[in-house]
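Source file: entry-v1.csv (CSV, C-alpha atoms and all ligand atoms)
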chain,number,residue,atom,x,y,z
A,1,MET,CA,-1.8,-10.6,-11.3
A,2,TRP,CA,-3.4,-7.2,-11.4
A,3,ARG,CA,-6.7,-8.5,-12.5
A,4,GLU,CA,-6.7,-11.2,-9.8
A,5,LEU,CA,-6.1,-8.6,-7.0
A,6,LEU,CA,-8.6,-6.0,-8.3
A,7,PRO,CA,-11.8,-7.4,-6.8
A,8,ILE,CA,-10.4,-8.1,-3.4
A,9,GLY,CA,-11.7,-5.8,-0.7
A,10,ARG,CA,-13.2,-3.4,-3.2
A,11,HIS,CA,-16.3,-1.7,-1.8
A,12,PRO,CA,-19.1,-1.8,-4.4
A,13,ALA,CA,-20.5,1.6,-3.6
A,14,SER,CA,-17.3,3.7,-3.2
A,15,GLY,CA,-15.1,1.7,-5.6
A,16,GLY,CA,-12.4,2.1,-3.0
A,17,TYR,CA,-10.4,-0.6,-1.2
A,18,ARG,CA,-11.0,-1.6,2.4
A,19,ARG,CA,-8.2,-4.1,2.9
A,20,TYR,CA,-7.6,-3.7,6.6
A,21,ALA,CA,-5.1,-5.8,8.6
A,22,TRP,CA,-6.2,-9.2,9.7
A,23,THR,CA,-9.6,-9.0,8.1
A,24,GLY,CA,-11.2,-11.3,5.4
A,25,ALA,CA,-10.0,-9.0,2.6
A,26,ASP,CA,-6.4,-9.1,4.0
A,27,ALA,CA,-6.6,-12.9,4.2
A,28,GLU,CA,-7.6,-13.0,0.5
A,29,CYS,CA,-4.6,-10.8,-0.4
A,30,ARG,CA,-2.3,-13.0,1.7
A,31,ALA,CA,-3.6,-16.1,0.0
A,32,TRP,CA,-2.9,-14.4,-3.3
A,33,PHE,CA,0.7,-13.7,-2.3
A,34,LYS,CA,1.3,-17.3,-1.1
A,35,GLU,CA,-0.1,-18.6,-4.4
A,36,GLN,CA,2.2,-16.3,-6.4
A,37,ALA,CA,5.2,-17.4,-4.4
A,38,GLU,CA,4.5,-21.1,-4.6
A,39,GLY,CA,3.6,-20.9,-8.2
A,40,ARG,CA,7.1,-19.6,-8.9
A,41,GLY,CA,8.8,-22.3,-6.8
A,42,LEU,CA,9.9,-19.7,-4.2
A,43,THR,CA,10.3,-20.6,-0.5
A,44,TYR,CA,7.3,-19.2,1.2
A,45,GLU,CA,7.3,-18.2,4.9
A,46,VAL,CA,5.4,-15.9,7.3
A,47,ASP,CA,7.6,-14.2,9.9
A,48,ARG,CA,6.8,-13.7,13.5
A,49,ASN,CA,5.0,-10.4,12.8
A,50,GLY,CA,2.8,-11.8,10.0
A,51,ASN,CA,4.9,-10.3,7.1
A,52,GLN,CA,5.0,-12.7,4.1
A,53,TRP,CA,8.2,-13.6,2.4
A,54,ALA,CA,9.0,-15.5,-0.8
A,55,TRP,CA,12.7,-16.5,-1.2
A,56,LEU,CA,14.8,-17.3,-4.2
A,57,GLY,CA,18.0,-18.8,-2.9
A,58,ASP,CA,19.0,-19.6,0.7
A,59,PRO,CA,17.2,-17.3,3.2
A,60,ALA,CA,20.0,-18.1,5.7
A,61,ALA,CA,22.9,-17.1,3.4
A,62,GLY,CA,22.9,-13.4,4.3
A,63,ASP,CA,23.3,-10.2,2.3
A,64,ALA,CA,19.9,-10.8,0.7
A,65,VAL,CA,18.3,-8.3,-1.7
A,66,VAL,CA,14.6,-7.8,-0.8
A,67,THR,CA,11.9,-6.0,-2.7
A,68,GLY,CA,8.2,-5.6,-2.0
A,69,SER,CA,5.6,-3.4,-0.4
A,70,HIS,CA,2.2,-3.9,1.2
A,71,LEU,CA,-1.3,-5.1,0.2
A,72,ASP,CA,-3.5,-3.5,2.8
A,73,SER,CA,-5.2,-0.1,2.2
A,74,VAL,CA,-6.5,3.0,3.8
A,75,PRO,CA,-10.3,3.3,4.1
A,76,ASP,CA,-11.5,3.5,0.5
A,77,GLY,CA,-8.0,3.5,-0.8
A,78,GLY,CA,-6.8,3.2,-4.4
A,79,ALA,CA,-5.6,0.1,-6.2
A,80,PHE,CA,-2.0,1.1,-6.5
A,81,ASP,CA,-0.7,2.2,-3.1
A,82,GLY,CA,1.1,-1.0,-1.9
A,83,PRO,CA,-0.1,-3.6,-4.5
A,84,LEU,CA,1.9,-2.0,-7.3
A,85,GLY,CA,5.1,-2.7,-5.4
A,86,VAL,CA,4.2,-6.3,-4.6
A,87,VAL,CA,2.9,-7.1,-8.1
A,88,SER,CA,6.0,-5.4,-9.6
A,89,SER,CA,8.2,-7.5,-7.5
A,90,PHE,CA,6.8,-10.7,-8.9
A,91,ALA,CA,6.8,-9.3,-12.4
A,92,ALA,CA,10.4,-8.1,-12.0
A,93,LEU,CA,11.4,-11.6,-10.9
A,94,ASP,CA,9.7,-13.0,-14.0
A,95,GLU,CA,11.6,-10.5,-16.2
A,96,LEU,CA,14.9,-11.5,-14.6
A,97,ARG,CA,14.2,-15.2,-15.2
A,98,ALA,CA,13.4,-14.4,-18.8
A,99,ARG,CA,16.7,-12.6,-19.0
A,100,GLN,CA,18.3,-15.8,-17.7
A,101,VAL,CA,20.4,-14.0,-15.2
A,102,THR,CA,22.5,-15.8,-12.5
A,103,PHE,CA,21.8,-14.7,-8.9
A,104,THR,CA,24.8,-14.2,-6.7
A,105,ARG,CA,22.8,-13.1,-3.7
A,106,PRO,CA,19.5,-14.4,-2.2
A,107,LEU,CA,16.4,-12.5,-3.3
A,108,ALA,CA,13.2,-12.2,-1.3
A,109,LEU,CA,9.9,-10.7,-2.1
A,110,VAL,CA,7.9,-9.4,0.8
A,111,ASN,CA,4.4,-8.2,1.7
A,112,PHE,CA,4.5,-6.2,4.9
A,113,GLY,CA,1.4,-6.4,7.1
A,114,ASP,CA,-0.6,-3.5,8.3
A,115,GLU,CA,1.3,-0.7,6.5
A,116,GLU,CA,-1.5,1.9,6.5
A,117,GLY,CA,-2.6,1.5,10.1
A,118,ALA,CA,-6.2,1.9,9.0
A,119,ARG,CA,-7.5,-0.6,11.7
A,120,PHE,CA,-5.3,0.0,14.8
A,121,GLY,CA,-4.3,3.6,14.1
A,122,LEU,CA,-0.5,3.0,13.8
A,123,ALA,CA,1.1,2.8,10.4
A,124,CYS,CA,3.7,0.2,9.4
A,125,VAL,CA,3.0,-2.2,12.3
A,126,GLY,CA,4.6,-5.2,10.5
A,127,SER,CA,7.9,-3.4,9.8
A,128,ARG,CA,7.9,-1.4,13.0
A,129,LEU,CA,7.7,-4.6,15.1
A,130,THR,CA,10.3,-6.3,13.0
A,131,ALA,CA,12.7,-3.4,13.4
A,132,GLY,CA,12.0,-3.1,17.1
A,133,GLN,CA,10.5,0.3,16.7
A,134,LEU,CA,7.2,-0.9,18.3
A,135,THR,CA,7.5,-3.0,21.4
A,136,VAL,CA,5.4,-6.1,22.1
A,137,GLU,CA,3.8,-4.2,25.0
A,138,GLN,CA,2.9,-1.3,22.8
A,139,ALA,CA,1.5,-3.6,20.2
A,140,HIS,CA,-0.6,-5.4,22.8
A,141,ARG,CA,-2.3,-2.1,23.7
A,142,LEU,CA,-3.4,-1.3,20.1
A,143,THR,CA,-7.2,-1.7,19.6
A,144,ASP,CA,-9.4,-1.2,16.6
A,145,GLY,CA,-12.6,0.9,16.5
A,146,ASP,CA,-14.6,-2.1,17.9
A,147,GLY,CA,-12.3,-2.6,20.8
A,148,VAL,CA,-10.6,-5.7,19.3
A,149,SER,CA,-7.0,-5.8,20.4
A,150,LEU,CA,-4.2,-6.5,17.9
A,151,PRO,CA,-3.3,-9.9,19.5
A,152,GLN,CA,-7.0,-10.8,19.3
A,153,ALA,CA,-7.2,-9.9,15.6
A,154,VAL,CA,-4.0,-11.7,14.9
A,155,ALA,CA,-5.3,-14.9,16.7
A,156,ALA,CA,-8.7,-14.6,14.9
A,157,ALA,CA,-6.8,-14.6,11.6
A,158,GLY,CA,-5.1,-17.9,12.5
A,159,TYR,CA,-1.7,-16.6,13.5
A,160,ASP,CA,0.1,-16.8,16.8
A,161,PRO,CA,0.2,-13.5,18.6
A,162,ASP,CA,2.7,-14.7,21.1
A,163,ARG,CA,5.3,-14.7,18.3
A,164,ILE,CA,5.2,-11.0,17.6
A,165,GLY,CA,8.3,-8.9,18.4
A,166,ALA,CA,11.6,-7.6,17.1
A,167,ASP,CA,13.3,-9.8,14.6
A,168,PRO,CA,17.0,-8.6,14.4
A,169,GLU,CA,18.2,-12.0,13.0
A,170,ARG,CA,16.0,-11.6,10.0
A,171,LEU,CA,17.1,-8.0,9.4
A,172,ALA,CA,20.8,-9.1,9.8
A,173,ARG,CA,20.3,-11.4,6.7
A,174,ILE,CA,19.2,-8.5,4.5
A,175,GLY,CA,21.8,-6.4,2.6
A,176,ALA,CA,19.3,-4.1,0.8
A,177,PHE,CA,15.6,-3.4,0.6
A,178,VAL,CA,14.1,-1.7,-2.4
A,179,GLU,CA,10.4,-0.7,-2.4
A,180,LEU,CA,8.6,0.3,-5.6
A,181,HIS,CA,5.6,2.5,-5.0
A,182,VAL,CA,3.2,4.6,-7.0
A,183,GLU,CA,4.1,8.3,-6.7
A,184,GLN,CA,1.7,10.1,-4.4
A,185,GLY,CA,2.4,13.5,-5.9
A,186,ARG,CA,2.9,15.0,-9.4
A,187,ALA,CA,6.7,15.5,-9.5
A,188,LEU,CA,7.1,12.8,-12.2
A,189,ASP,CA,4.2,14.0,-14.2
A,190,LEU,CA,5.6,17.5,-14.2
A,191,SER,CA,9.2,16.3,-15.0
A,192,GLY,CA,7.9,13.9,-17.8
A,193,ASP,CA,9.6,10.9,-16.3
A,194,ARG,CA,8.0,7.5,-15.8
A,195,VAL,CA,10.2,6.4,-12.9
A,196,GLY,CA,12.0,8.3,-10.1
A,197,ILE,CA,14.2,7.5,-7.1
A,198,ALA,CA,13.4,8.5,-3.5
A,199,SER,CA,15.7,10.8,-1.6
A,200,ALA,CA,13.9,11.3,1.7
A,201,ILE,CA,10.6,11.0,3.6
A,202,TRP,CA,9.3,13.9,5.6
A,203,PRO,CA,9.1,13.5,9.3
A,204,HIS,CA,5.4,12.8,10.2
A,205,GLY,CA,3.1,11.7,12.9
A,206,ARG,CA,-0.4,11.3,14.2
A,207,TRP,CA,-1.8,13.0,17.3
A,208,ARG,CA,-5.2,12.3,18.9
A,209,PHE,CA,-7.1,15.3,20.3
A,210,ASP,CA,-9.8,14.4,22.8
A,211,PHE,CA,-12.2,17.4,23.5
A,212,ARG,CA,-14.5,16.5,26.4
A,213,GLY,CA,-17.5,18.7,27.1
A,214,GLU,CA,-21.0,18.0,28.4
A,215,ALA,CA,-23.8,16.2,26.6
A,216,ASN,CA,-27.1,18.1,26.7
A,217,HIS,CA,-30.3,18.7,24.8
A,218,ALA,CA,-29.8,20.5,21.4
A,219,GLY,CA,-33.1,22.2,21.7
A,220,THR,CA,-33.4,23.3,25.3
A,221,THR,CA,-29.8,24.2,26.3
A,222,ARG,CA,-29.1,27.9,26.1
A,223,LEU,CA,-26.0,28.7,24.1
A,224,VAL,CA,-24.3,30.3,27.1
A,225,ASP,CA,-24.9,27.2,29.2
A,226,ARG,CA,-23.2,24.9,26.7
A,227,ARG,CA,-19.8,23.1,27.0
A,228,ASP,CA,-19.7,22.0,23.4
A,229,PRO,CA,-16.5,20.3,22.3
A,230,MET,CA,-17.5,20.5,18.6
A,231,LEU,CA,-16.8,24.2,18.7
A,232,SER,CA,-13.2,23.9,20.0
A,233,TYR,CA,-12.6,21.0,17.6
A,234,ALA,CA,-13.8,23.0,14.6
A,235,GLU,CA,-11.6,26.0,15.6
A,236,THR,CA,-8.7,23.6,16.0
A,237,VAL,CA,-9.2,22.3,12.4
A,238,LEU,CA,-8.9,25.9,11.1
A,239,ALA,CA,-5.8,26.5,13.3
A,240,ALA,CA,-4.2,23.3,11.8
A,241,ARG,CA,-4.6,24.7,8.4
A,242,ARG,CA,-3.2,28.1,9.4
A,243,GLU,CA,-0.2,26.7,11.2
A,244,ALA,CA,0.6,24.3,8.3
A,245,ARG,CA,0.4,27.1,5.8
A,246,LEU,CA,2.7,29.4,7.8
A,247,ALA,CA,5.3,26.6,8.2
A,248,GLY,CA,5.2,25.4,4.6
A,249,ALA,CA,4.0,22.0,6.0
A,250,VAL,CA,0.8,20.0,5.8
A,251,ALA,CA,-1.7,19.2,8.6
A,252,THR,CA,-5.0,17.2,8.3
A,253,PHE,CA,-7.8,16.2,10.5
A,254,GLY,CA,-9.2,13.3,8.4
A,255,LYS,CA,-10.8,11.2,11.1
A,256,ILE,CA,-13.2,12.1,13.9
A,257,THR,CA,-15.5,10.3,16.3
A,258,VAL,CA,-18.3,12.0,18.2
A,259,GLU,CA,-20.1,10.8,21.3
A,260,PRO,CA,-23.0,10.3,21.7
A,261,ASN,CA,-23.2,11.1,18.0
A,262,GLY,CA,-26.9,12.2,18.0
A,263,VAL,CA,-28.3,14.9,15.8
A,264,ASN,CA,-30.2,16.4,18.7
A,265,ALA,CA,-27.5,16.1,21.3
A,266,ILE,CA,-24.6,18.4,22.1
A,267,PRO,CA,-21.6,16.1,22.0
A,268,SER,CA,-19.9,15.0,25.2
A,269,LEU,CA,-16.7,14.0,23.3
A,270,VAL,CA,-15.2,14.9,20.0
A,271,ARG,CA,-12.1,12.9,19.2
A,272,GLY,CA,-10.1,14.0,16.1
A,273,TRP,CA,-6.8,12.8,14.7
A,274,LEU,CA,-4.2,15.2,13.4
A,275,ASP,CA,-1.8,13.9,10.7
A,276,SER,CA,1.0,16.4,10.2
A,277,ARG,CA,4.1,16.3,8.1
A,278,ALA,CA,6.9,18.8,7.2
A,279,ALA,CA,10.2,18.8,5.3
A,280,ASP,CA,12.1,19.2,8.6
A,281,GLN,CA,11.6,18.5,12.3
A,282,ALA,CA,11.7,22.1,13.3
A,283,SER,CA,8.8,23.0,11.0
A,284,LEU,CA,6.8,20.0,12.1
A,285,ASP,CA,7.3,20.9,15.8
A,286,LEU,CA,6.2,24.4,15.0
A,287,VAL,CA,2.9,23.2,13.5
A,288,VAL,CA,2.0,20.6,16.1
A,289,ASN,CA,2.9,22.9,19.0
A,290,GLY,CA,1.0,25.7,17.4
A,291,VAL,CA,-2.1,23.6,16.9
A,292,GLU,CA,-2.0,22.2,20.4
A,293,LYS,CA,-1.6,25.7,21.9
A,294,ALA,CA,-4.5,27.0,19.9
A,295,ALA,CA,-6.6,24.0,20.8
A,296,ARG,CA,-6.0,24.5,24.5
A,297,GLU,CA,-7.1,28.1,24.2
A,298,TYR,CA,-10.3,27.2,22.3
A,299,ALA,CA,-11.1,24.4,24.8
A,300,ALA,CA,-10.6,26.7,27.8
A,301,ALA,CA,-12.9,29.3,26.1
A,302,HIS,CA,-15.7,26.8,25.8
A,303,GLY,CA,-15.2,25.1,29.2
A,304,VAL,CA,-14.0,21.9,27.5
A,305,ASP,CA,-11.2,19.6,28.7
A,306,LEU,CA,-8.5,18.6,26.2
A,307,ASP,CA,-6.1,15.7,26.1
A,308,VAL,CA,-3.5,15.4,23.3
A,309,VAL,CA,-1.7,12.1,22.8
A,310,ARG,CA,1.0,11.5,20.2
A,311,GLU,CA,0.0,8.1,18.7
A,312,SER,CA,2.8,7.7,16.3
A,313,PHE,CA,5.9,9.4,15.0
A,314,THR,CA,8.4,8.8,12.3
A,315,PRO,CA,11.5,11.0,12.1
A,316,VAL,CA,12.9,12.3,8.8
A,317,VAL,CA,14.3,9.5,6.7
A,318,GLU,CA,17.2,10.1,4.4
A,319,PHE,CA,17.5,7.0,2.2
A,320,ASP,CA,20.9,5.3,2.1
A,321,HIS,CA,23.1,7.5,-0.1
A,322,ALA,CA,25.3,4.7,-1.4
A,323,LEU,CA,22.3,2.6,-2.4
A,324,ARG,CA,20.5,5.6,-3.9
A,325,ASP,CA,23.5,6.4,-6.0
A,326,GLU,CA,23.8,2.8,-7.1
A,327,LEU,CA,20.2,2.9,-8.3
A,328,SER,CA,20.9,6.2,-10.1
A,329,ARG,CA,23.9,4.6,-11.8
A,330,ILE,CA,22.0,1.4,-12.7
A,331,LEU,CA,19.0,3.3,-14.1
A,332,GLY,CA,20.9,6.1,-15.6
A,333,LYS,CA,23.4,4.0,-17.5
A,334,ASP,CA,21.7,4.2,-20.9
A,335,LYS,CA,20.8,7.9,-20.5
A,336,GLU,CA,22.4,11.2,-21.3
A,337,ALA,CA,23.6,13.1,-18.3
A,338,GLU,CA,20.7,15.5,-18.5
A,339,LEU,CA,18.2,12.7,-18.6
A,340,LYS,CA,19.2,11.1,-15.4
A,341,VAL,CA,16.4,9.5,-13.4
A,342,PRO,CA,15.0,12.2,-11.1
A,343,VAL,CA,15.5,11.9,-7.3
A,344,LEU,CA,12.6,13.2,-5.2
A,345,GLY,CA,11.4,13.4,-1.6
A,346,THR,CA,7.9,12.5,-0.4
A,347,GLY,CA,5.5,13.3,2.4
A,348,ALA,CA,4.2,9.8,2.5
A,349,GLY,CA,5.3,7.1,4.9
A,350,HIS,CA,6.6,3.7,3.9
A,351,ASP,CA,7.9,0.4,5.3
A,352,ALA,CA,11.2,1.3,3.5
A,353,GLY,CA,11.4,4.4,5.8
A,354,ILE,CA,10.9,2.3,8.9
A,355,LEU,CA,13.5,-0.3,7.8
A,356,SER,CA,16.0,2.4,6.8
A,357,GLY,CA,17.0,2.7,10.5
A,358,SER,CA,18.3,-0.9,10.4
A,359,ILE,CA,19.3,-1.7,6.8
A,360,PRO,CA,20.1,0.2,3.6
A,361,THR,CA,16.8,0.9,1.9
A,362,ALA,CA,15.8,2.7,-1.3
A,363,MET,CA,12.6,3.4,-3.2
A,364,LEU,CA,11.5,3.7,-6.8
A,365,PHE,CA,8.4,5.8,-7.7
A,366,VAL,CA,6.1,5.2,-10.7
A,367,ARG,CA,4.4,8.2,-12.3
A,368,ASN,CA,0.9,9.1,-11.1
A,369,PRO,CA,-0.7,11.5,-13.6
A,370,THR,CA,-2.9,13.3,-11.1
A,371,GLY,CA,-0.9,12.7,-8.0
A,372,VAL,CA,-4.1,11.5,-6.3
A,373,SER,CA,-3.6,8.8,-3.7
A,374,HIS,CA,-5.4,7.3,-0.7
A,375,SER,CA,-8.5,7.6,-2.9
A,376,PRO,CA,-10.2,5.4,-5.4
A,377,ALA,CA,-9.0,7.9,-8.1
A,378,GLU,CA,-5.4,6.9,-7.6
A,379,PHE,CA,-4.0,5.8,-10.9
A,380,ALA,CA,-0.9,4.8,-12.9
A,381,ALA,CA,-0.9,4.0,-16.6
A,382,GLU,CA,-0.1,0.5,-17.7
A,383,ASP,CA,3.0,1.5,-19.7
A,384,ASP,CA,4.3,3.5,-16.8
A,385,CYS,CA,3.8,0.4,-14.5
A,386,VAL,CA,5.7,-1.7,-17.0
A,387,ALA,CA,8.5,0.9,-17.0
A,388,GLY,CA,8.5,0.5,-13.2
A,389,VAL,CA,8.8,-3.3,-13.4
A,390,LEU,CA,11.7,-3.0,-15.9
A,391,ALA,CA,13.4,-0.4,-13.7
A,392,LEU,CA,13.0,-2.7,-10.7
A,393,ALA,CA,14.3,-5.7,-12.7
A,394,ASP,CA,17.3,-3.6,-13.7
A,395,VAL,CA,17.9,-2.6,-10.1
A,396,LEU,CA,17.6,-6.2,-8.8
A,397,GLU,CA,19.9,-7.4,-11.6
A,398,GLY,CA,22.4,-4.8,-10.7
A,399,LEU,CA,22.3,-5.6,-7.0
A,400,ALA,CA,21.8,-9.3,-6.9
A,401,CYS,CA,23.4,-10.6,-10.1
A,402,ARG,CA,26.8,-9.1,-9.9
A,501,LIG,C1,1.0,6.1,4.4
A,501,LIG,O1,0.7,5.9,3.2
A,501,LIG,C2,1.1,7.4,4.9
A,501,LIG,O2,1.9,8.2,4.4
A,501,LIG,O3,0.3,7.7,5.8
A,502,MN,MN,-0.5,4.8,1.8
A,503,MN,MN,2.0,2.5,0.5

As structure tokens:
Amino acid sequence: MWRELLPIGRHPASGGYRRYAWTGADAECRAWFKEQAEGRGLTYEVDRNGNQWAWLGDPAAGDAVVTGSHLDSVPDGGAFDGPLGVVSSFAALDELRARQVTFTRPLALVNFGDEEGARFGLACVGSRLTAGQLTVEQAHRLTDGDGVSLPQAVAAAGYDPDRIGADPERLARIGAFVELHVEQGRALDLSGDRVGIASAIWPHGRWRFDFRGEANHAGTTRLVDRRDPMLSYAETVLAARREARLAGAVATFGKITVEPNGVNAIPSLVRGWLDSRAADQASLDLVVNGVEKAAREYAAAHGVDLDVVRESFTPVVEFDHALRDELSRILGKDKEAELKVPVLGTGAGHDAGILSGSIPTAMLFVRNPTGVSHSPAEFAAEDDCVAGVLALADVLEGLACR
């Protein structure tokens, strides 16, 4: 399975993945998922929001156990963020069939669409729509960098955009969702464990900063006559770093567009996106308010106008304690007390975090020796991935085969 997925959407120059929602690479990933589902005799369906499902047992029976993740990527992403969870779900099912277990609950494998938000700017669109955390009206307003709207992209990919919207009936049929994911830090590497259980996701969001100045000639415009938005943007990047450090949080300007984007022109517009995350809401507020206040001061000093728009926000997620404890019990059963599977928090967002507002969710993390993620250097060793599959199989057996 891994070898089949590896070439899809891989950029030959960067070696990174460009699997953006509703593009050709996404379609190839989706075709792969369908093939895996049908090859295993599972009932395949695409829900109203374009998420793919593969069912073992009756989808209508209720109290289903669901596992899976996503197949899309950030720009030049790694191979593991998302696909490891999807591949491991199929592999765990194969393992359970080899164990000849008897399922007492329906099991579904899922590929959530547009998790990374690389194309339309908002992460977890598939799960947000399903959970009613993104309205149809909001979804219709999403556009990509070329001005293509989300409904247009959905239609171009051959799906019906009129179907998108909250799907409470579907969620009501799910008793538990477990997402396996490559770790995006080094906690497991440092603790020496192959697999961990998630405790919480930091609150996080994305803010768009539009600095508007005046385009003018780079050679003939005196410095004192300039209204250069690049200066206030640059100072704001430094302020973000300072505020994050002071609050023990993180803040990143990782995406920027410049107009008119000419070497010899002072920009008229610099648009930068702030991604900020913190362990608690108060710290996150401190960072974002501090950055915005500083940005307004810098903008005023340069005669630049500033608009700040919050494009997305996900509050702190505490994963379901009962489900988390059950995973600990299942995975710790063969271990000495001091060797229990570690429980760790993360600053990364996930579909499991979105769904946790509606259904009990949990996550398993697989060791990443460098902690690098959202980069072609993202990695997990094969034996750790196999340990992840076996852990997921144990969890699914414990939950769905009682
Ligand atoms: C998704 O991976 C995110 O944390 O931004
Ligand atoms: Mn990611
Ligand atoms: Mn992910």

Next on the checklist: So, with only C-alpha atoms as the atoms that count, which of A:Leu323, A:Ala352, A:Val287, A:Ala79 lies closest to A:Thr67?
Outcome noted: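 Counting only C-alpha atoms, the residue closest to A:Thr67 is A:Ala352.
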
Checklist outcome for this item: Judged by only C-alpha atoms, the minimum distance to A:Pro360 among A:Phe379, A:Trp273, A:Phe319, A:Tyr298 is found for A:Phe319

Checklist entry - Counting only C-alpha atoms and all ligand atoms, which protein, DNA or RNA residues come within 7 Å of ligand LIG 501 (chain A), given as an MDAnalysis selection string? => result chainID A and resid 116 123 347:350

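Residues in contact with A:Asp280 at 9 Å, where all atoms listed in the file are counted and same-chain residues fewer than 2 positions away are skipped, are listed as Trp202, Pro203, Ala249, Arg277, Ala278, Ala282, Ser283, Leu284, Asp285, Pro315 and Val316 of chain A.
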
Within 12 Å of ligand MN 502 (chain A), which residues of chain A show up? Give each one with its shortest atom-to-atom distance in Å (one decimal) and the two atoms involved, counting all atoms listed in the file, rows by chain then rising residue number, as JSON lines.
{"residue": "A:Tyr17", "atom": "CA", "partner": "A:MN502", "partner_atom": "MN", "distance": 11.7}
{"residue": "A:Arg19", "atom": "CA", "partner": "A:MN502", "partner_atom": "MN", "distance": 11.8}
{"residue": "A:Ser69", "atom": "CA", "partner": "A:MN502", "partner_atom": "MN", "distance": 10.5}
{"residue": "A:His70", "atom": "CA", "partner": "A:MN502", "partner_atom": "MN", "distance": 9.1}
{"residue": "A:Leu71", "atom": "CA", "partner": "A:MN502", "partner_atom": "MN", "distance": 10.1}
{"residue": "A:Asp72", "atom": "CA", "partner": "A:MN502", "partner_atom": "MN", "distance": 8.9}
{"residue": "A:Ser73", "atom": "CA", "partner": "A:MN502", "partner_atom": "MN", "distance": 6.8}
{"residue": "A:Val74", "atom": "CA", "partner": "A:MN502", "partner_atom": "MN", "distance": 6.6}
{"residue": "A:Pro75", "atom": "CA", "partner": "A:MN502", "partner_atom": "MN", "distance": 10.2}
{"residue": "A:Asp76", "atom": "CA", "partner": "A:MN502", "partner_atom": "MN", "distance": 11.2}
{"residue": "A:Gly77", "atom": "CA", "partner": "A:MN502", "partner_atom": "MN", "distance": 8.0}
{"residue": "A:Gly78", "atom": "CA", "partner": "A:MN502", "partner_atom": "MN", "distance": 9.0}
{"residue": "A:Ala79", "atom": "CA", "partner": "A:MN502", "partner_atom": "MN", "distance": 10.6}
{"residue": "A:Phe80", "atom": "CA", "partner": "A:MN502", "partner_atom": "MN", "distance": 9.2}
{"residue": "A:Asp81", "atom": "CA", "partner": "A:MN502", "partner_atom": "MN", "distance": 5.6}
{"residue": "A:Gly82", "atom": "CA", "partner": "A:MN502", "partner_atom": "MN", "distance": 7.1}
{"residue": "A:Pro83", "atom": "CA", "partner": "A:MN502", "partner_atom": "MN", "distance": 10.5}
{"residue": "A:Leu84", "atom": "CA", "partner": "A:MN502", "partner_atom": "MN", "distance": 11.6}
{"residue": "A:Gly85", "atom": "CA", "partner": "A:MN502", "partner_atom": "MN", "distance": 11.8}
{"residue": "A:Asp114", "atom": "CA", "partner": "A:MN502", "partner_atom": "MN", "distance": 10.5}
{"residue": "A:Glu115", "atom": "CA", "partner": "A:MN502", "partner_atom": "MN", "distance": 7.5}
{"residue": "A:Glu116", "atom": "CA", "partner": "A:MN502", "partner_atom": "MN", "distance": 5.6}
{"residue": "A:Gly117", "atom": "CA", "partner": "A:MN502", "partner_atom": "MN", "distance": 9.2}
{"residue": "A:Ala118", "atom": "CA", "partner": "A:MN502", "partner_atom": "MN", "distance": 9.6}
{"residue": "A:Ala123", "atom": "CA", "partner": "A:MN502", "partner_atom": "MN", "distance": 9.0}
{"residue": "A:Cys124", "atom": "CA", "partner": "A:MN502", "partner_atom": "MN", "distance": 9.8}
{"residue": "A:His181", "atom": "CA", "partner": "A:MN502", "partner_atom": "MN", "distance": 9.4}
{"residue": "A:Val182", "atom": "CA", "partner": "A:MN502", "partner_atom": "MN", "distance": 9.5}
{"residue": "A:Glu183", "atom": "CA", "partner": "A:MN502", "partner_atom": "MN", "distance": 10.3}
{"residue": "A:Gln184", "atom": "CA", "partner": "A:MN502", "partner_atom": "MN", "distance": 8.4}
{"residue": "A:Gly185", "atom": "CA", "partner": "A:MN502", "partner_atom": "MN", "distance": 12.0}
{"residue": "A:Thr346", "atom": "CA", "partner": "A:MN502", "partner_atom": "MN", "distance": 11.6}
{"residue": "A:Gly347", "atom": "CA", "partner": "A:MN502", "partner_atom": "MN", "distance": 10.4}
{"residue": "A:Ala348", "atom": "CA", "partner": "A:MN502", "partner_atom": "MN", "distance": 6.9}
{"residue": "A:Gly349", "atom": "CA", "partner": "A:MN502", "partner_atom": "MN", "distance": 7.0}
{"residue": "A:His350", "atom": "CA", "partner": "A:MN502", "partner_atom": "MN", "distance": 7.5}
{"residue": "A:Asp351", "atom": "CA", "partner": "A:MN502", "partner_atom": "MN", "distance": 10.1}
{"residue": "A:Val372", "atom": "CA", "partner": "A:MN502", "partner_atom": "MN", "distance": 11.1}
{"residue": "A:Ser373", "atom": "CA", "partner": "A:MN502", "partner_atom": "MN", "distance": 7.5}
{"residue": "A:His374", "atom": "CA", "partner": "A:MN502", "partner_atom": "MN", "distance": 6.0}
{"residue": "A:Ser375", "atom": "CA", "partner": "A:MN502", "partner_atom": "MN", "distance": 9.7}
{"residue": "A:Glu378", "atom": "CA", "partner": "A:MN502", "partner_atom": "MN", "distance": 10.8}

Item to check | Among the residues A:Ala215, A:Ala13, A:Ala37, A:Leu171, the one that comes closest to A:Gly357 [using all atoms listed in the file] | outcome: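 Nearest candidate to A:Gly357 out of A:Ala215, A:Ala13, A:Ala37, A:Leu171: A:Leu171.
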
Residues near A:Gly175, anyone? I mean within 8 Å using only C-alpha atoms, not counting same-chain ones fewer than 2 positions away, as an mmCIF file with C-alpha atoms, in the frame of the given file.
data_model
loop_
_atom_site.group_PDB
_atom_site.id
_atom_site.type_symbol
_atom_site.label_atom_id
_atom_site.label_comp_id
_atom_site.auth_asym_id
_atom_site.auth_seq_id
_atom_site.Cartn_x
_atom_site.Cartn_y
_atom_site.Cartn_z
ATOM 1 C CA GLY A 62 22.900 -13.400 4.300
ATOM 2 C CA ASP A 63 23.300 -10.200 2.300
ATOM 3 C CA ALA A 64 19.900 -10.800 0.700
ATOM 4 C CA VAL A 65 18.300 -8.300 -1.700
ATOM 5 C CA ALA A 172 20.800 -9.100 9.800
ATOM 6 C CA ARG A 173 20.300 -11.400 6.700
ATOM 7 C CA PHE A 177 15.600 -3.400 0.600
ATOM 8 C CA ILE A 359 19.300 -1.700 6.800
ATOM 9 C CA PRO A 360 20.100 0.200 3.600
#
